[in-house]
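Text of run_19.tsv (TSV, C-alpha atoms) as supplied:
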chain	number	residue	atom	x	y	z
A	7	MET	CA	-105.61	52.08	-176.46
A	8	THR	CA	-102.89	52.03	-179.11
A	9	ARG	CA	-103.12	49.04	-181.43
A	10	GLY	CA	-100.55	46.31	-180.67
A	11	PHE	CA	-100.50	46.77	-176.89
A	12	GLU	CA	-102.37	44.37	-174.61
A	13	MET	CA	-102.79	46.97	-171.85
A	14	GLN	CA	-101.77	50.47	-170.92
A	15	ILE	CA	-100.71	52.40	-167.85
A	16	GLY	CA	-100.05	55.98	-166.87
A	17	LEU	CA	-96.70	56.56	-165.17
A	18	ILE	CA	-96.06	59.72	-163.19
A	19	GLY	CA	-92.45	60.52	-162.39
A	20	LEU	CA	-89.74	59.72	-164.94
A	21	GLY	CA	-86.62	60.13	-162.84
A	22	ARG	CA	-83.89	57.56	-162.14
A	23	MET	CA	-86.30	54.69	-161.54
A	24	GLY	CA	-89.44	55.85	-163.31
A	25	ASN	CA	-87.79	56.22	-166.69
A	26	ASN	CA	-86.26	52.74	-166.43
A	27	MET	CA	-89.62	51.33	-165.42
A	28	ARG	CA	-91.20	52.89	-168.50
A	29	THR	CA	-88.55	51.18	-170.63
A	30	ARG	CA	-89.16	47.80	-169.00
A	31	LEU	CA	-92.95	48.07	-169.29
A	32	ARG	CA	-92.81	49.02	-172.95
A	33	ALA	CA	-90.48	46.07	-173.61
A	34	ALA	CA	-93.27	43.88	-172.18
A	35	ASP	CA	-95.76	45.30	-174.71
A	36	ILE	CA	-97.51	47.52	-172.18
A	37	GLU	CA	-98.38	50.94	-173.51
A	38	VAL	CA	-97.01	53.61	-171.16
A	39	VAL	CA	-98.12	57.22	-171.10
A	40	GLY	CA	-95.58	59.01	-168.97
A	41	TYR	CA	-95.82	62.36	-167.22
A	42	ASP	CA	-92.99	64.33	-165.65
A	43	THR	CA	-92.48	67.97	-164.80
A	44	ASN	CA	-89.47	67.81	-167.12
A	45	PRO	CA	-91.01	68.26	-170.59
A	46	GLU	CA	-87.97	66.68	-172.26
A	47	VAL	CA	-88.92	63.22	-170.93
A	48	SER	CA	-92.69	63.62	-170.55
A	49	ASP	CA	-95.18	62.14	-173.04
A	50	VAL	CA	-97.93	64.59	-172.08
A	51	ALA	CA	-98.02	68.15	-170.79
A	52	THR	CA	-100.33	67.77	-167.77
A	53	LEU	CA	-101.96	65.15	-165.56
A	54	ALA	CA	-105.27	66.00	-167.21
A	55	ASP	CA	-103.69	65.17	-170.57
A	56	LEU	CA	-102.44	61.89	-169.11
A	57	ALA	CA	-105.94	60.96	-167.97
A	58	ALA	CA	-107.35	61.86	-171.39
A	59	ALA	CA	-104.75	59.70	-173.14
A	60	LEU	CA	-105.72	56.58	-171.17
A	61	THR	CA	-108.75	54.40	-171.81
A	62	ALA	CA	-111.04	53.94	-168.79
A	63	PRO	CA	-110.88	52.14	-166.49
A	64	ARG	CA	-107.36	53.49	-166.07
A	65	ILE	CA	-104.31	52.36	-164.10
A	66	VAL	CA	-101.92	55.12	-163.02
A	67	TRP	CA	-98.62	54.41	-161.27
A	68	VAL	CA	-97.16	57.25	-159.17
A	69	MET	CA	-93.35	57.23	-158.88
A	70	VAL	CA	-92.43	60.52	-157.25
A	71	PRO	CA	-90.69	61.48	-153.97
A	72	ALA	CA	-92.64	60.62	-150.83
A	73	GLY	CA	-94.38	63.24	-148.75
A	74	THR	CA	-95.62	66.57	-150.05
A	75	ILE	CA	-95.02	65.80	-153.73
A	76	THR	CA	-96.88	62.48	-153.58
A	77	ASP	CA	-99.71	64.12	-151.63
A	78	SER	CA	-100.01	66.80	-154.32
A	79	VAL	CA	-100.06	64.27	-157.17
A	80	ILE	CA	-102.67	62.08	-155.46
A	81	GLY	CA	-104.82	65.13	-154.84
A	82	GLU	CA	-104.63	66.21	-158.47
A	83	LEU	CA	-105.35	62.68	-159.71
A	84	ALA	CA	-108.50	62.62	-157.58
A	85	GLY	CA	-109.71	65.50	-159.72
A	86	VAL	CA	-108.87	64.14	-163.18
A	87	LEU	CA	-109.52	60.39	-162.84
A	88	SER	CA	-112.90	58.63	-162.77
A	89	GLU	CA	-114.77	56.04	-160.77
A	90	GLY	CA	-113.29	52.59	-161.38
A	91	ASP	CA	-109.76	53.83	-162.05
A	92	LEU	CA	-106.79	52.56	-160.03
A	93	VAL	CA	-103.87	54.51	-158.56
A	94	ILE	CA	-100.71	52.70	-157.41
A	95	ASP	CA	-98.17	54.57	-155.29
A	96	GLY	CA	-94.78	53.00	-156.06
A	97	GLY	CA	-92.66	55.57	-154.22
A	98	ASN	CA	-91.18	55.23	-150.75
A	99	SER	CA	-94.21	56.65	-148.96
A	100	LYS	CA	-94.76	56.04	-145.27
A	101	PHE	CA	-97.36	53.30	-144.86
A	102	THR	CA	-99.61	55.55	-142.79
A	103	ASP	CA	-99.91	57.90	-145.79
A	104	ASP	CA	-101.46	55.01	-147.73
A	105	PHE	CA	-104.47	54.99	-145.44
A	106	VAL	CA	-105.01	58.71	-146.12
A	107	HIS	CA	-104.60	58.36	-149.88
A	108	GLU	CA	-106.87	55.32	-150.03
A	109	LYS	CA	-109.66	57.20	-148.25
A	110	GLN	CA	-109.13	60.32	-150.36
A	111	LEU	CA	-109.46	58.42	-153.64
A	112	ALA	CA	-112.28	56.16	-152.40
A	113	GLU	CA	-114.46	59.26	-152.08
A	114	LYS	CA	-114.29	59.49	-155.89
A	115	GLY	CA	-114.71	55.74	-156.41
A	116	ILE	CA	-111.04	55.34	-157.36
A	117	ASP	CA	-109.18	52.24	-156.17
A	118	TYR	CA	-105.77	52.43	-154.52
A	119	ALA	CA	-102.78	50.12	-154.00
A	120	ASP	CA	-99.27	50.64	-152.67
A	121	ALA	CA	-96.08	49.09	-154.00
A	122	GLY	CA	-92.70	48.94	-152.34
A	123	VAL	CA	-90.16	48.82	-155.16
A	124	SER	CA	-86.52	47.76	-154.87
A	125	GLY	CA	-84.00	47.61	-157.68
A	126	GLY	CA	-82.57	51.09	-157.99
A	127	ILE	CA	-80.95	52.17	-161.23
A	128	TRP	CA	-80.39	48.52	-162.22
A	129	GLY	CA	-84.06	47.59	-162.43
A	130	ALA	CA	-84.48	48.10	-166.19
A	131	ASP	CA	-82.23	45.09	-166.83
A	132	ASN	CA	-82.59	43.08	-163.61
A	133	GLY	CA	-86.21	43.72	-162.75
A	134	TYR	CA	-87.64	45.15	-159.53
A	135	GLY	CA	-88.39	43.41	-156.27
A	136	LEU	CA	-92.03	44.23	-155.53
A	137	MET	CA	-93.97	44.25	-152.26
A	138	VAL	CA	-97.58	45.31	-152.80
A	139	GLY	CA	-100.59	46.12	-150.66
A	140	GLY	CA	-104.24	46.22	-151.66
A	141	SER	CA	-107.33	44.13	-152.17
A	142	ASP	CA	-107.16	40.81	-154.00
A	143	GLU	CA	-109.21	42.25	-156.86
A	144	THR	CA	-107.03	45.34	-157.21
A	145	ILE	CA	-103.77	43.40	-157.21
A	146	ALA	CA	-105.11	40.87	-159.71
A	147	ARG	CA	-106.10	43.71	-162.03
A	148	ALA	CA	-102.58	45.16	-161.98
A	149	MET	CA	-100.80	41.78	-162.12
A	150	PRO	CA	-99.65	42.15	-165.76
A	151	VAL	CA	-97.81	45.31	-164.71
A	152	PHE	CA	-96.21	43.60	-161.72
A	153	GLU	CA	-95.24	40.65	-163.92
A	154	ALA	CA	-93.51	42.97	-166.36
A	155	LEU	CA	-91.58	44.79	-163.65
A	156	ARG	CA	-90.51	41.90	-161.42
A	157	PRO	CA	-87.27	39.94	-162.00
A	158	GLU	CA	-87.25	36.80	-164.11
A	159	GLY	CA	-87.66	33.51	-162.26
A	160	PRO	CA	-90.25	32.27	-159.76
A	161	ARG	CA	-92.80	34.99	-159.00
A	162	GLU	CA	-92.58	34.41	-155.25
A	163	GLU	CA	-88.87	35.25	-155.30
A	164	GLY	CA	-89.45	38.76	-156.63
A	165	PHE	CA	-93.05	39.64	-155.83
A	166	VAL	CA	-95.34	39.43	-152.82
A	167	HIS	CA	-98.90	40.55	-152.20
A	168	ALA	CA	-97.99	41.37	-148.61
A	169	GLY	CA	-101.46	42.29	-147.39
A	170	PRO	CA	-104.06	45.08	-147.54
A	171	VAL	CA	-103.34	48.71	-148.37
A	172	GLY	CA	-100.24	49.85	-146.49
A	173	ALA	CA	-98.62	46.41	-146.38
A	174	GLY	CA	-96.45	47.03	-149.44
A	175	HIS	CA	-94.85	50.16	-148.08
A	176	TYR	CA	-94.55	48.62	-144.62
A	177	ALA	CA	-92.62	45.67	-146.07
A	178	LYS	CA	-90.41	48.04	-148.08
A	179	MET	CA	-89.77	50.11	-144.95
A	180	VAL	CA	-88.45	47.07	-143.09
A	181	HIS	CA	-86.51	46.00	-146.20
A	182	ASN	CA	-84.73	49.34	-146.22
A	183	GLY	CA	-84.01	49.14	-142.50
A	184	ILE	CA	-82.30	45.80	-143.09
A	185	GLU	CA	-80.45	47.34	-146.04
A	186	TYR	CA	-79.04	50.02	-143.72
A	187	ALA	CA	-77.63	47.38	-141.37
A	188	LEU	CA	-76.16	45.25	-144.18
A	189	MET	CA	-74.36	48.21	-145.73
A	190	GLN	CA	-73.02	49.27	-142.35
A	191	GLY	CA	-71.64	45.78	-141.72
A	192	TYR	CA	-69.76	45.71	-145.02
A	193	ALA	CA	-68.54	49.27	-144.46
A	194	GLU	CA	-67.16	48.58	-141.00
A	195	GLY	CA	-65.40	45.49	-142.31
A	196	TYR	CA	-63.90	47.62	-145.06
A	197	GLU	CA	-62.58	50.15	-142.57
A	198	LEU	CA	-60.88	47.49	-140.43
A	199	LEU	CA	-59.28	45.83	-143.47
A	200	ALA	CA	-58.10	49.22	-144.72
A	201	ALA	CA	-56.59	49.95	-141.32
A	202	ARG	CA	-54.27	46.94	-141.74
A	203	SER	CA	-52.80	47.83	-145.13
A	204	ASP	CA	-49.52	46.42	-143.85
A	205	LEU	CA	-51.18	43.00	-143.75
A	206	ILE	CA	-54.05	43.21	-146.27
A	207	THR	CA	-52.30	44.21	-149.49
A	208	ASP	CA	-55.23	43.49	-151.82
A	209	LEU	CA	-58.31	44.98	-150.21
A	210	PRO	CA	-60.62	44.93	-153.28
A	211	GLY	CA	-59.52	41.37	-154.00
A	212	THR	CA	-60.40	40.32	-150.47
A	213	PHE	CA	-63.99	41.47	-150.90
A	214	LYS	CA	-64.12	39.98	-154.38
A	215	ALA	CA	-63.08	36.59	-153.01
A	216	TRP	CA	-66.18	36.61	-150.81
A	217	GLN	CA	-68.57	36.75	-153.78
A	218	ARG	CA	-68.82	32.97	-154.23
A	219	GLY	CA	-69.10	30.25	-151.63
A	220	THR	CA	-69.21	32.48	-148.53
A	221	VAL	CA	-72.16	33.23	-146.30
A	222	VAL	CA	-71.70	37.00	-146.72
A	223	ARG	CA	-72.04	36.96	-150.53
A	224	SER	CA	-74.75	39.28	-151.89
A	225	TRP	CA	-75.52	41.83	-154.56
A	226	LEU	CA	-74.48	44.58	-152.14
A	227	LEU	CA	-71.09	42.91	-151.82
A	228	GLU	CA	-70.77	42.82	-155.63
A	229	LEU	CA	-71.56	46.54	-155.73
A	230	LEU	CA	-68.98	47.26	-153.04
A	231	VAL	CA	-66.34	45.45	-155.12
A	232	ARG	CA	-67.42	47.46	-158.15
A	233	ALA	CA	-67.15	50.70	-156.19
A	234	LEU	CA	-63.68	49.78	-154.90
A	235	GLU	CA	-62.47	48.96	-158.39
A	236	GLN	CA	-63.74	52.33	-159.63
A	237	ASP	CA	-62.30	54.33	-156.73
A	238	PRO	CA	-59.86	52.40	-154.48
A	239	GLY	CA	-59.94	53.99	-151.06
A	240	PHE	CA	-63.05	56.01	-151.92
A	241	GLU	CA	-60.89	59.10	-152.23
A	242	LYS	CA	-63.41	60.84	-154.49
A	243	ILE	CA	-66.34	60.49	-152.08
A	244	GLU	CA	-67.02	62.34	-148.85
A	245	GLY	CA	-68.22	60.13	-146.01
A	246	TYR	CA	-71.56	61.94	-145.71
A	247	VAL	CA	-74.55	59.59	-145.85
A	248	ALA	CA	-78.14	60.79	-146.11
A	249	ASP	CA	-81.19	58.80	-145.04
A	250	SER	CA	-84.48	58.90	-146.91
A	251	GLY	CA	-86.77	58.18	-143.97
A	252	GLU	CA	-87.51	54.46	-144.10
A	253	GLY	CA	-84.88	53.60	-141.50
A	254	ARG	CA	-86.30	56.11	-139.04
A	255	TRP	CA	-89.84	54.83	-139.64
A	256	THR	CA	-88.61	51.28	-139.04
A	257	LEU	CA	-87.25	52.30	-135.65
A	258	GLU	CA	-90.46	54.15	-134.80
A	259	GLU	CA	-92.39	50.96	-135.45
A	260	ALA	CA	-89.86	48.91	-133.48
A	261	ILE	CA	-90.31	51.18	-130.47
A	262	GLU	CA	-94.11	51.13	-130.85
A	263	HIS	CA	-94.17	47.32	-130.85
A	264	ALA	CA	-91.25	46.73	-128.45
A	265	VAL	CA	-89.17	44.92	-131.07
A	266	PRO	CA	-85.41	45.21	-130.35
A	267	MET	CA	-83.40	46.38	-133.37
A	268	PRO	CA	-79.85	47.05	-132.17
A	269	ALA	CA	-78.17	46.50	-135.55
A	270	ILE	CA	-80.56	48.64	-137.58
A	271	SER	CA	-80.65	51.41	-134.98
A	272	ALA	CA	-76.84	51.48	-134.83
A	273	SER	CA	-76.62	51.76	-138.62
A	274	ILE	CA	-78.95	54.75	-138.64
A	275	PHE	CA	-77.06	56.52	-135.87
A	276	ALA	CA	-73.84	55.86	-137.79
A	277	ARG	CA	-75.31	57.87	-140.66
A	278	PHE	CA	-75.89	60.75	-138.29
A	279	VAL	CA	-72.26	60.48	-137.16
A	280	SER	CA	-71.17	60.63	-140.82
A	281	ARG	CA	-72.52	64.17	-141.05
A	282	GLN	CA	-70.28	65.30	-138.22
A	283	ASP	CA	-67.03	63.35	-138.60
A	284	GLU	CA	-65.36	61.86	-141.68
A	285	SER	CA	-64.76	58.10	-141.62
A	286	PRO	CA	-63.63	55.44	-144.13
A	287	ALA	CA	-66.65	53.27	-143.24
A	288	MET	CA	-69.12	55.99	-144.15
A	289	ARG	CA	-67.32	56.61	-147.44
A	290	ALA	CA	-68.03	52.95	-148.18
A	291	VAL	CA	-71.73	53.35	-147.30
A	292	ALA	CA	-71.96	56.47	-149.49
A	293	ALA	CA	-70.33	54.55	-152.35
A	294	LEU	CA	-72.79	51.67	-151.96
A	295	ARG	CA	-75.81	53.97	-152.08
A	296	GLN	CA	-74.44	55.54	-155.25
A	297	GLN	CA	-73.86	52.11	-156.80
A	298	PHE	CA	-77.31	50.58	-156.30
A	299	GLY	CA	-79.54	53.62	-156.31
A	300	GLY	CA	-77.67	56.35	-158.14
A	301	HIS	CA	-77.96	58.46	-155.01
A	302	ALA	CA	-75.97	61.68	-155.02
A	303	VAL	CA	-72.72	61.77	-153.08
A	304	LYS	CA	-70.63	64.66	-151.85
A	305	PRO	CA	-67.29	64.88	-153.69
A	306	SER	CA	-64.35	64.70	-151.35
A	307	ALA	CA	-62.18	67.77	-151.02
A	308	ASP	CA	-59.25	65.42	-151.63
A	309	GLY	CA	-60.77	63.93	-154.80
Mind converting the file's structure to structure tokens?
Amino acid sequence: MTRGFEMQIGLIGLGRMGNNMRTRLRAADIEVVGYDTNPEVSDVATLADLAAALTAPRIVWVMVPAGTITDSVIGELAGVLSEGDLVIDGGNSKFTDDFVHEKQLAEKGIDYADAGVSGGIWGADNGYGLMVGGSDETIARAMPVFEALRPEGPREEGFVHAGPVGAGHYAKMVHNGIEYALMQGYAEGYELLAARSDLITDLPGTFKAWQRGTVVRSWLLELLVRALEQDPGFEKIEGYVADSGEGRWTLEEAIEHAVPMPAISASIFARFVSRQDESPAMRAVAALRQQFGGHAVKPSADG
């Protein structure tokens, strides 16, 4: 371990969020050895080099796209890490994948935890909301890392040990389902206000006036105001909105457990509609996703 650092961590995936997380961790005096397939941002050339650069017992945080890429990274880590090491999946993996990864790593004596992470491209400055799953011992071991990443203020307002392995990603899945519905509500309100331009002559100002003292105030609302001030009317954005999977998984779970979710289900179907028919509301949703997460948008043919 490099002198001057109280602990160290390996971080795999240095994209929009991973690179900001590395910055925040280093600011908290945690030594970070980062690996990315992009050599311009990577600290080491291979995952084997990353393992060699860390002092056992190691902690390695995986921050790559869910699915095949995460599966591949976990599989390779099983071959280069040692008994007693800890792997944390901080991507948006489906909670059922956590059970597979936990078992796969346990065969090598490697511990596993999952972390739902919210904060988007703003997390370096604001901190990340964290929902984690794993054993008490595992979470306690990684607590300095969670403390460095979470927002300032009371721990319970930015961090939760939600339960055993899988609980972190399950909580993040539901969080994202709620996020879908909130964005859709703001977007539909935007479209109705825009439809009455004869009456509402200051549309951005109307949303801005809701930021203090109203029950609909939120960070998403602040981002919508920011997006409107940057591009009034969202003329530079096509109303095409992707979905990264968590909303669909939320509905699958709702159906499995007979939990009615009319608002969240409607927001997901609205995203499907956005891919077939242009609408002002979906331009607003696309703008919001770009604001908080840096998600790509489709430029409008008019913009």
Selection near segment 157-163 of chain A, 8 Å with all atoms listed in the file, sequence-local residues under 2 positions removed, as a VMD selection string = chain A and resid 132 to 135 153 155 165 to 166
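The shortest atom-to-atom distance to Tyr118 of chain A, with only C-alpha atoms taken into account, belongs to A:Asp103 out of A:Asp131, A:Asp49, A:Asp103, A:Glu258.
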Please identify all polymer residues within 12 Å of Pro238 of chain A, counting all atoms listed in the file, omitting same-chain residues fewer than 2 positions from it, and present them as an MDAnalysis selection string.
-> chainID A and resid 196 200 208:211 230:236 240:243 286 289:290 293 309
Please produce an output containing C-alpha atoms for each residue in the selection, written as a PDB file, in the coordinates of the input.
ATOM      1  CA  TYR A 196     -63.900  47.620-145.060  1.00  0.00           C
ATOM      2  CA  ALA A 200     -58.100  49.220-144.720  1.00  0.00           C
ATOM      3  CA  ASP A 208     -55.230  43.490-151.820  1.00  0.00           C
ATOM      4  CA  LEU A 209     -58.310  44.980-150.210  1.00  0.00           C
ATOM      5  CA  PRO A 210     -60.620  44.930-153.280  1.00  0.00           C
ATOM      6  CA  GLY A 211     -59.520  41.370-154.000  1.00  0.00           C
ATOM      7  CA  LEU A 230     -68.980  47.260-153.040  1.00  0.00           C
ATOM      8  CA  VAL A 231     -66.340  45.450-155.120  1.00  0.00           C
ATOM      9  CA  ARG A 232     -67.420  47.460-158.150  1.00  0.00           C
ATOM     10  CA  ALA A 233     -67.150  50.700-156.190  1.00  0.00           C
ATOM     11  CA  LEU A 234     -63.680  49.780-154.900  1.00  0.00           C
ATOM     12  CA  GLU A 235     -62.470  48.960-158.390  1.00  0.00           C
ATOM     13  CA  GLN A 236     -63.740  52.330-159.630  1.00  0.00           C
ATOM     14  CA  PHE A 240     -63.050  56.010-151.920  1.00  0.00           C
ATOM     15  CA  GLU A 241     -60.890  59.100-152.230  1.00  0.00           C
ATOM     16  CA  LYS A 242     -63.410  60.840-154.490  1.00  0.00           C
ATOM     17  CA  ILE A 243     -66.340  60.490-152.080  1.00  0.00           C
ATOM     18  CA  PRO A 286     -63.630  55.440-144.130  1.00  0.00           C
ATOM     19  CA  ARG A 289     -67.320  56.610-147.440  1.00  0.00           C
ATOM     20  CA  ALA A 290     -68.030  52.950-148.180  1.00  0.00           C
ATOM     21  CA  ALA A 293     -70.330  54.550-152.350  1.00  0.00           C
ATOM     22  CA  GLY A 309     -60.770  63.930-154.800  1.00  0.00           C
TER      23      GLY A 309
END
For segment 30-42 of chain A, please output as a PyMOL selection string all residues within 7 Å (counting all atoms listed in the file; exclusion window: fewer than 2 positions along the same chain).
-> chain A and resi 11-20+26-28+44-45+47-50+53+56+130+154-155
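Atom pair atom CA of Gly129 of chain A / atom CA of Met23 of chain A: separated by 7.5 Å.
Proximity ranking of A:Val222, A:Gly140, A:Ala121, A:Ser88 relative to Leu60 of chain A places A:Ser88 first, based on only C-alpha atoms.
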Compile the contact shell of Gly97 of chain A as number ranges by chain: residues with an atom at most 8 Å away, counting all atoms listed in the file, same-chain residues fewer than 6 positions apart removed.
-> A: 68-72, 121-123
For Val79 of chain A, which residue among A:Gly24, A:Ser285, A:Ile145, A:Trp67 is the nearest when counting all atoms listed in the file?
-> A:Trp67
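As for atom CA of His167 of chain A and atom CA of Ala264 of chain A, they are spaced 25.7 Å apart.
For the atom pair formed by atom CA of Pro170 of chain A and atom CA of Gly139 of chain A, the distance is 4.8 Å, given to one decimal.
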Box for segment 123-139 of chain A - axis-aligned, 6 Å on each of the six sides, all listed atoms - centre and size in Å to one decimal, as JSON.
{"center_x": -90.5, "center_y": 47.6, "center_z": -158.7, "size_x": 32.2, "size_y": 21.1, "size_z": 28.2}
Using only C-alpha atoms, determine which residues lie at most 7 Å from His175 of chain A, disregarding the query and same-chain residues fewer than 6 positions distant; provide the list as an MDAnalysis selection string.
-> chainID A and resid 98:101 120:122
From A:Arg281, A:Arg218, A:His107, A:Lys178, residue lying nearest Gly125 of chain A [only C-alpha atoms] = A:Lys178
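Between Val171 of chain A and the candidates A:Trp216, A:Phe105, A:Glu194, A:Glu228, the tightest atom-to-atom separation, counting all atoms listed in the file, involves A:Phe105.
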May I ask which of the residues A:Val66, A:Val265, A:Ile206, A:Ile274 is the closest one to Gly96 of chain A, counting only C-alpha atoms?
-> A:Val66
